[in-house]
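Text of the file target31.pdb, holding PDB, C-alpha atoms:
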```pdb
ATOM      1  CA  MET A 627      12.014  -9.195  -3.328
ATOM      2  CA  PHE A 628       8.928  -7.315  -2.221
ATOM      3  CA  ASN A 629       7.777  -3.730  -1.860
ATOM      4  CA  VAL A 630       4.685  -3.236   0.278
ATOM      5  CA  TYR A 631       2.492  -0.131   0.368
ATOM      6  CA  LEU A 632      -0.740   1.088   1.875
ATOM      7  CA  ARG A 633      -2.486   3.272  -0.686
ATOM      8  CA  LEU A 634      -5.666   5.256  -0.350
ATOM      9  CA  VAL A 635      -7.354   6.633  -3.467
ATOM     10  CA  ALA A 636     -10.348   8.949  -3.853
ATOM     11  CA  ASP A 637     -11.968  10.590  -6.843
ATOM     12  CA  ASP A 638     -11.586  14.036  -5.296
ATOM     13  CA  GLY A 639     -10.189  13.954  -1.765
ATOM     14  CA  ASP A 640      -7.693  15.958   0.222
ATOM     15  CA  PRO A 641      -4.650  13.791   1.075
ATOM     16  CA  GLU A 642      -4.009  16.044   4.073
ATOM     17  CA  SER A 643      -7.287  14.819   5.585
ATOM     18  CA  VAL A 644      -5.879  11.259   5.514
ATOM     19  CA  THR A 645      -2.658  12.433   7.169
ATOM     20  CA  GLN A 646      -4.644  14.198   9.871
ATOM     21  CA  ALA A 647      -6.955  11.231  10.473
ATOM     22  CA  LEU A 648      -4.127   8.675  10.670
ATOM     23  CA  GLY A 649      -1.501  10.913  12.261
ATOM     24  CA  ILE A 650       1.062   9.624   9.742
ATOM     25  CA  ALA A 651       2.610  11.493   6.836
ATOM     26  CA  PRO A 652       2.602   9.689   3.477
ATOM     27  CA  ASP A 653       5.666   8.882   1.420
ATOM     28  CA  GLU A 654       3.769  10.123  -1.643
ATOM     29  CA  SER A 655       0.484  11.868  -2.311
ATOM     30  CA  THR A 656      -1.372  13.397  -5.232
ATOM     31  CA  ARG A 657      -4.290  15.800  -5.318
ATOM     32  CA  HIS A 658      -7.078  15.644  -7.889
ATOM     33  CA  GLY A 659      -6.751  18.491 -10.395
ATOM     34  CA  ARG A 660      -3.170  19.434  -9.513
ATOM     35  CA  PRO A 661      -0.579  19.031 -12.276
ATOM     36  CA  SER A 662       1.726  16.025 -12.252
ATOM     37  CA  PRO A 663       5.381  17.060 -12.071
ATOM     38  CA  LYS A 664       6.193  14.294 -14.582
ATOM     39  CA  THR A 665       3.590  14.999 -17.255
ATOM     40  CA  GLY A 666       2.185  18.419 -16.427
ATOM     41  CA  ARG A 667      -1.322  17.012 -16.818
ATOM     42  CA  PRO A 668      -3.720  17.290 -13.891
ATOM     43  CA  TYR A 669      -4.248  14.215 -11.753
ATOM     44  CA  GLY A 670      -7.626  12.557 -12.276
ATOM     45  CA  PHE A 671      -7.765  11.338  -8.668
ATOM     46  CA  SER A 672      -6.227  11.911  -5.248
ATOM     47  CA  SER A 673      -3.934   9.417  -3.542
ATOM     48  CA  TRP A 674      -2.093   8.900  -0.267
ATOM     49  CA  THR A 675       0.666   6.235  -0.198
ATOM     50  CA  LEU A 676       2.742   4.905   2.690
ATOM     51  CA  ALA A 677       5.660   2.523   2.099
ATOM     52  CA  LEU A 678       5.448  -0.285   4.658
ATOM     53  CA  GLY A 679       8.442  -2.272   3.396
ATOM     54  CA  ARG A 680      10.956  -1.800   0.610
ATOM     55  CA  GLN A 681      13.066  -4.555  -0.932
ATOM     56  CA  VAL A 682      12.188  -7.136   1.716
ATOM     57  CA  GLY A 683      12.334 -10.910   1.354
ATOM     58  CA  SER A 684       9.349 -13.197   1.852
ATOM     59  CA  ASP A 685      10.810 -14.095   5.264
ATOM     60  CA  GLN A 686      10.266 -10.456   6.306
ATOM     61  CA  LEU A 687       6.664 -10.072   5.121
ATOM     62  CA  ASP A 688       5.165 -11.155   8.470
ATOM     63  CA  GLU A 689       7.072  -8.326  10.158
ATOM     64  CA  VAL A 690       5.944  -5.799   7.534
ATOM     65  CA  PHE A 691       2.310  -6.926   7.778
ATOM     66  CA  GLY A 692       2.584  -6.937  11.581
ATOM     67  CA  GLY A 693       3.551  -3.271  11.477
ATOM     68  CA  LEU A 694       0.222  -2.559   9.822
ATOM     69  CA  THR A 695      -1.896  -4.667  12.184
ATOM     70  CA  GLU A 696      -0.184  -2.907  15.113
ATOM     71  CA  TRP A 697      -2.285   0.100  14.157
ATOM     72  CA  GLY A 698      -4.989  -1.886  15.942
ATOM     73  CA  ASP A 699      -8.739  -1.448  15.822
ATOM     74  CA  ARG A 700      -8.426   2.327  15.937
ATOM     75  CA  GLY A 701      -6.319   2.404  12.752
ATOM     76  CA  ALA A 702      -8.600  -0.053  10.963
ATOM     77  CA  HIS A 703     -11.704   1.900  11.942
ATOM     78  CA  THR A 704     -10.089   5.168  10.833
ATOM     79  CA  LEU A 705      -9.526   3.696   7.353
ATOM     80  CA  ARG A 706     -13.083   2.352   7.303
ATOM     81  CA  ASP A 707     -14.427   5.787   8.280
ATOM     82  CA  LEU A 708     -12.326   7.512   5.610
ATOM     83  CA  ALA A 709     -13.938   5.200   3.061
ATOM     84  CA  ARG A 710     -17.462   5.598   4.377
ATOM     85  CA  ASP A 711     -17.426   9.330   5.112
ATOM     86  CA  ARG A 712     -14.930  10.768   2.631
ATOM     87  CA  GLY A 713     -14.832   8.365  -0.325
ATOM     88  CA  TRP A 714     -11.300   6.988   0.168
ATOM     89  CA  GLU A 715     -10.565   3.400  -0.866
ATOM     90  CA  ALA A 716      -7.697   1.650   0.956
ATOM     91  CA  THR A 717      -5.564  -1.081  -0.615
ATOM     92  CA  LEU A 718      -2.618  -3.078   0.661
ATOM     93  CA  ILE A 719      -0.308  -3.341  -2.348
ATOM     94  CA  VAL A 720       2.310  -6.080  -2.501
ATOM     95  CA  VAL A 721       4.754  -5.768  -5.402
ATOM     96  CA  GLN A 722       6.808  -8.900  -6.004
ATOM     97  CA  GLU A 723       9.885  -8.756  -8.217
ATOM     98  CA  PHE A 724      11.309 -12.070  -9.388
ATOM     99  CA  ARG A 725      15.033 -11.522 -10.022
ATOM    100  CA  ASP A 726      16.450 -15.010  -9.434
ATOM    101  CA  VAL A 727      14.438 -18.176 -10.096
ATOM    102  CA  GLU A 728      16.714 -20.075  -7.688
ATOM    103  CA  GLU A 729      16.183 -17.662  -4.768
ATOM    104  CA  SER A 730      13.725 -19.206  -2.306
ATOM    105  CA  ARG A 731      13.029 -15.871  -0.559
ATOM    106  CA  GLU A 732      11.309 -14.621  -3.711
ATOM    107  CA  LYS A 733       8.644 -17.284  -3.642
ATOM    108  CA  GLY A 734       5.235 -17.121  -2.013
ATOM    109  CA  ILE A 735       3.158 -14.503  -0.272
ATOM    110  CA  SER A 736       1.597 -15.541   3.008
ATOM    111  CA  MET A 737      -1.005 -13.408   4.749
ATOM    112  CA  GLY A 738      -2.073 -14.578   8.185
ATOM    113  CA  ALA A 739      -5.475 -14.433   9.819
ATOM    114  CA  ASP A 740      -4.584 -11.324  11.873
ATOM    115  CA  LEU A 741      -3.796  -9.358   8.724
ATOM    116  CA  ILE A 742      -6.921 -10.594   6.937
ATOM    117  CA  ARG A 743      -9.098  -9.641   9.925
ATOM    118  CA  TRP A 744      -7.473  -6.211  10.132
ATOM    119  CA  LEU A 745      -7.927  -5.537   6.412
ATOM    120  CA  ALA A 746     -11.563  -6.621   6.624
ATOM    121  CA  ALA A 747     -12.179  -4.286   9.578
ATOM    122  CA  ALA A 748     -10.528  -1.470   7.598
ATOM    123  CA  ARG A 749     -12.575  -2.346   4.487
ATOM    124  CA  ALA A 750      -9.255  -2.507   2.623
ATOM    125  CA  GLY A 751      -8.503  -4.560  -0.454
ATOM    126  CA  VAL A 752      -5.349  -6.382  -1.482
ATOM    127  CA  GLU A 753      -3.505  -5.962  -4.773
ATOM    128  CA  VAL A 754      -0.592  -8.192  -5.755
ATOM    129  CA  ASP A 755       1.609  -7.084  -8.644
ATOM    130  CA  GLN A 756       4.247  -9.546  -9.870
ATOM    131  CA  TYR A 757       7.093  -8.710 -12.220
ATOM    132  CA  LEU A 758       9.708 -10.946 -13.826
ATOM    133  CA  MET A 759      12.997  -9.062 -13.705
ATOM    134  CA  LEU A 760      15.163 -11.881 -15.077
ATOM    135  CA  SER A 761      18.282 -11.326 -17.133
ATOM    136  CA  PRO A 762      18.161 -12.708 -20.683
ATOM    137  CA  GLU A 763      20.357 -15.758 -21.081
TER     138      GLU A 763
END
```

Is it possible to express this structure as structure tokens?
Amino acid sequence: MFNVYLRLVADDGDPESVTQALGIAPDESTRHGRPSPKTGRPYGFSSWTLALGRQVGSDQLDEVFGGLTEWGDRGAHTLRDLARDRGWEATLIVVQEFRDVEESREKGISMGADLIRWLAAARAGVEVDQYLMLSPE
């Protein structure tokens, strides 16, 4: 299964400025210097995170990625401008959890040319995290 996120990170940025620029509220955000509710320690950076797909199979990734490219040139250029003008770095994060070695929907990550072009226009990176969540035998 996969979880897919768009995350923006800045050393010291206002997550609300990302929300205003994109016109989309994040699922999570942090603000540099504010205390973490989990640890009480101040965050060392700001972040803005939007969940694009949760617990989806590899056969659904094209649809999830398509939702991002539907933001079009305007969305890509907004991310690029946030990076250039305000120090935000955008990353498409794909988290893959292997739970069943026999399950074919848990294998492979395919990113088409449209997504690659869009990410390049947005100046966004890609991060793939893979976790083995197998039961001990």

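You can rank A:Ala677, A:Val682, A:Val630, A:Leu718 by their closest distance to Ala651 in chain A using all atoms listed in the file, and at the top of that list sits A:Ala677.
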
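Residue nearest Thr717 in chain A within the list A:Glu753, A:Asp688, A:Asp637, A:Glu642: A:Glu753 [criterion: smallest interatomic distance, all atoms listed in the file].
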
Exercise for the section: Name the residues captured by the PyMOL selection byres ((chain A and resi 684-687) around 12) when it is applied to the shown file; answer as a PyMOL selection string. Expected result: chain A and resi 627-631+678-683+688-694+720-724+729-738+741

Completion exercise
Expressed in Å, the length from CA of Arg660 in chain A to CA of Ala748 in chain A is 28.0 Å

Problem - Hits of the PyMOL selection byres ((chain A and resi 713) around 12) in this structure, as a list of chain:residue names - result: A:Leu634, A:Val635, A:Ala636, A:Asp637, A:Asp638, A:Gly639, A:Asp640, A:Pro641, A:Ser643, A:Val644, A:Phe671, A:Ser672, A:Ser673, A:Leu705, A:Arg706, A:Asp707, A:Leu708, A:Ala709, A:Arg710, A:Asp711, A:Arg712, A:Trp714, A:Glu715, A:Ala716, A:Arg749

Problem - Non-local contacts of range 652-655 of chain A (6 Å; only C-alpha atoms; under 6 positions in same chain excluded) as a VMD selection string - result: chain A and resid 673 to 676

Practice task
Could you check which of A:Leu648, A:Ile719, A:Leu632, A:Leu758 is closest to Thr704 in chain A, using only C-alpha atoms?
Solution key: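 Between A:Leu648, A:Ile719, A:Leu632, A:Leu758, the residue approaching Thr704 in chain A most closely is A:Leu648.
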
Practice task
Run the PyMOL selection byres ((chain A and resi 747) around 8) against the file shown and list the residues it catches, as number ranges by chain.
Solution key: A: 699, 702-703, 706, 743-746, 748-750

Problem - Interatomic distance, CA of Val752 in chain A to CA of Thr645 in chain A (Å, one decimal) - result: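 These atoms are spaced 20.9 Å apart.
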
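When CA of Ser761 in chain A is paired with CA of Asp726 in chain A, their separation reads 8.7 Å.
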
Fill in the blank from the handout: Using all atoms listed in the file, the shortest atom-to-atom distance to Gly649 in chain A among A:Gly701, A:Ser662, A:Glu728, A:Asp740 belongs to A:Gly701

Missing atoms in range 703-714 of chain A need filling: write out all heavy atoms for it as a short mmCIF file (atom, residue, chain, number, x, y, z; two decimals), keeping the file's coordinate frame.
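Okay, this is what ended up in selection37.cif:
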```cif
data_model
loop_
_atom_site.label_atom_id
_atom_site.label_comp_id
_atom_site.auth_asym_id
_atom_site.auth_seq_id
_atom_site.Cartn_x
_atom_site.Cartn_y
_atom_site.Cartn_z
N HIS A 703 -10.44 1.16 11.97
CA HIS A 703 -11.70 1.90 11.94
C HIS A 703 -11.54 3.28 11.31
O HIS A 703 -12.45 3.79 10.66
CB HIS A 703 -12.30 2.00 13.34
CG HIS A 703 -12.70 0.67 13.88
ND1 HIS A 703 -12.89 0.42 15.21
CD2 HIS A 703 -12.94 -0.52 13.26
CE1 HIS A 703 -13.23 -0.85 15.39
NE2 HIS A 703 -13.25 -1.43 14.22
N THR A 704 -10.35 3.88 11.48
CA THR A 704 -10.09 5.17 10.83
C THR A 704 -10.11 5.01 9.31
O THR A 704 -10.73 5.81 8.60
CB THR A 704 -8.74 5.75 11.29
OG1 THR A 704 -8.78 5.96 12.71
CG2 THR A 704 -8.43 7.06 10.58
N LEU A 705 -9.48 3.94 8.80
CA LEU A 705 -9.53 3.70 7.35
C LEU A 705 -10.95 3.44 6.89
O LEU A 705 -11.38 3.95 5.84
CB LEU A 705 -8.63 2.52 6.98
CG LEU A 705 -7.13 2.76 7.08
CD1 LEU A 705 -6.37 1.49 6.70
CD2 LEU A 705 -6.68 3.92 6.22
N ARG A 706 -11.69 2.64 7.65
CA ARG A 706 -13.08 2.35 7.30
C ARG A 706 -13.90 3.64 7.25
O ARG A 706 -14.68 3.86 6.33
CB ARG A 706 -13.67 1.39 8.34
CG ARG A 706 -15.13 1.05 8.06
CD ARG A 706 -15.81 0.47 9.27
NE ARG A 706 -15.81 1.47 10.33
CZ ARG A 706 -15.87 1.20 11.63
NH1 ARG A 706 -15.92 -0.04 12.04
NH2 ARG A 706 -15.89 2.16 12.52
N ASP A 707 -13.68 4.53 8.24
CA ASP A 707 -14.43 5.79 8.28
C ASP A 707 -14.03 6.71 7.13
O ASP A 707 -14.88 7.42 6.59
CB ASP A 707 -14.22 6.49 9.63
CG ASP A 707 -14.84 5.70 10.79
OD1 ASP A 707 -15.63 4.77 10.54
OD2 ASP A 707 -14.48 6.02 11.95
N LEU A 708 -12.75 6.71 6.76
CA LEU A 708 -12.33 7.51 5.61
C LEU A 708 -13.03 7.04 4.34
O LEU A 708 -13.39 7.85 3.49
CB LEU A 708 -10.81 7.44 5.43
CG LEU A 708 -9.98 8.26 6.41
CD1 LEU A 708 -8.52 7.84 6.36
CD2 LEU A 708 -10.13 9.75 6.13
N ALA A 709 -13.22 5.74 4.22
CA ALA A 709 -13.94 5.20 3.06
C ALA A 709 -15.41 5.58 3.11
O ALA A 709 -15.97 6.07 2.13
CB ALA A 709 -13.77 3.68 3.01
N ARG A 710 -16.02 5.37 4.25
CA ARG A 710 -17.46 5.60 4.38
C ARG A 710 -17.82 7.08 4.29
O ARG A 710 -18.76 7.46 3.60
CB ARG A 710 -17.95 5.01 5.70
CG ARG A 710 -19.45 5.15 5.90
CD ARG A 710 -19.89 4.71 7.28
NE ARG A 710 -19.29 5.62 8.26
CZ ARG A 710 -18.86 5.24 9.46
NH1 ARG A 710 -18.96 4.00 9.85
NH2 ARG A 710 -18.33 6.11 10.28
N ASP A 711 -17.06 7.93 4.97
CA ASP A 711 -17.43 9.33 5.11
C ASP A 711 -16.81 10.25 4.06
O ASP A 711 -17.36 11.30 3.76
CB ASP A 711 -17.03 9.85 6.50
CG ASP A 711 -17.70 9.07 7.62
OD1 ASP A 711 -18.75 8.45 7.39
OD2 ASP A 711 -17.14 9.08 8.75
N ARG A 712 -15.65 9.84 3.51
CA ARG A 712 -14.93 10.77 2.63
C ARG A 712 -14.58 10.18 1.27
O ARG A 712 -13.89 10.80 0.48
CB ARG A 712 -13.66 11.25 3.32
CG ARG A 712 -13.96 11.98 4.62
CD ARG A 712 -12.72 12.54 5.22
NE ARG A 712 -12.93 12.88 6.61
CZ ARG A 712 -11.99 13.27 7.43
NH1 ARG A 712 -10.75 13.38 6.98
NH2 ARG A 712 -12.25 13.57 8.68
N GLY A 713 -15.01 8.95 1.00
CA GLY A 713 -14.83 8.36 -0.32
C GLY A 713 -13.45 7.79 -0.63
O GLY A 713 -13.15 7.54 -1.79
N TRP A 714 -12.62 7.57 0.39
CA TRP A 714 -11.30 6.99 0.17
C TRP A 714 -11.40 5.47 0.12
O TRP A 714 -12.16 4.87 0.87
CB TRP A 714 -10.34 7.40 1.29
CG TRP A 714 -9.94 8.82 1.24
CD1 TRP A 714 -10.52 9.86 1.91
CD2 TRP A 714 -8.89 9.39 0.46
NE1 TRP A 714 -9.89 11.04 1.60
CE2 TRP A 714 -8.88 10.78 0.72
CE3 TRP A 714 -7.96 8.86 -0.42
CZ2 TRP A 714 -7.98 11.64 0.12
CZ3 TRP A 714 -7.05 9.73 -1.00
CH2 TRP A 714 -7.06 11.10 -0.74
#
```
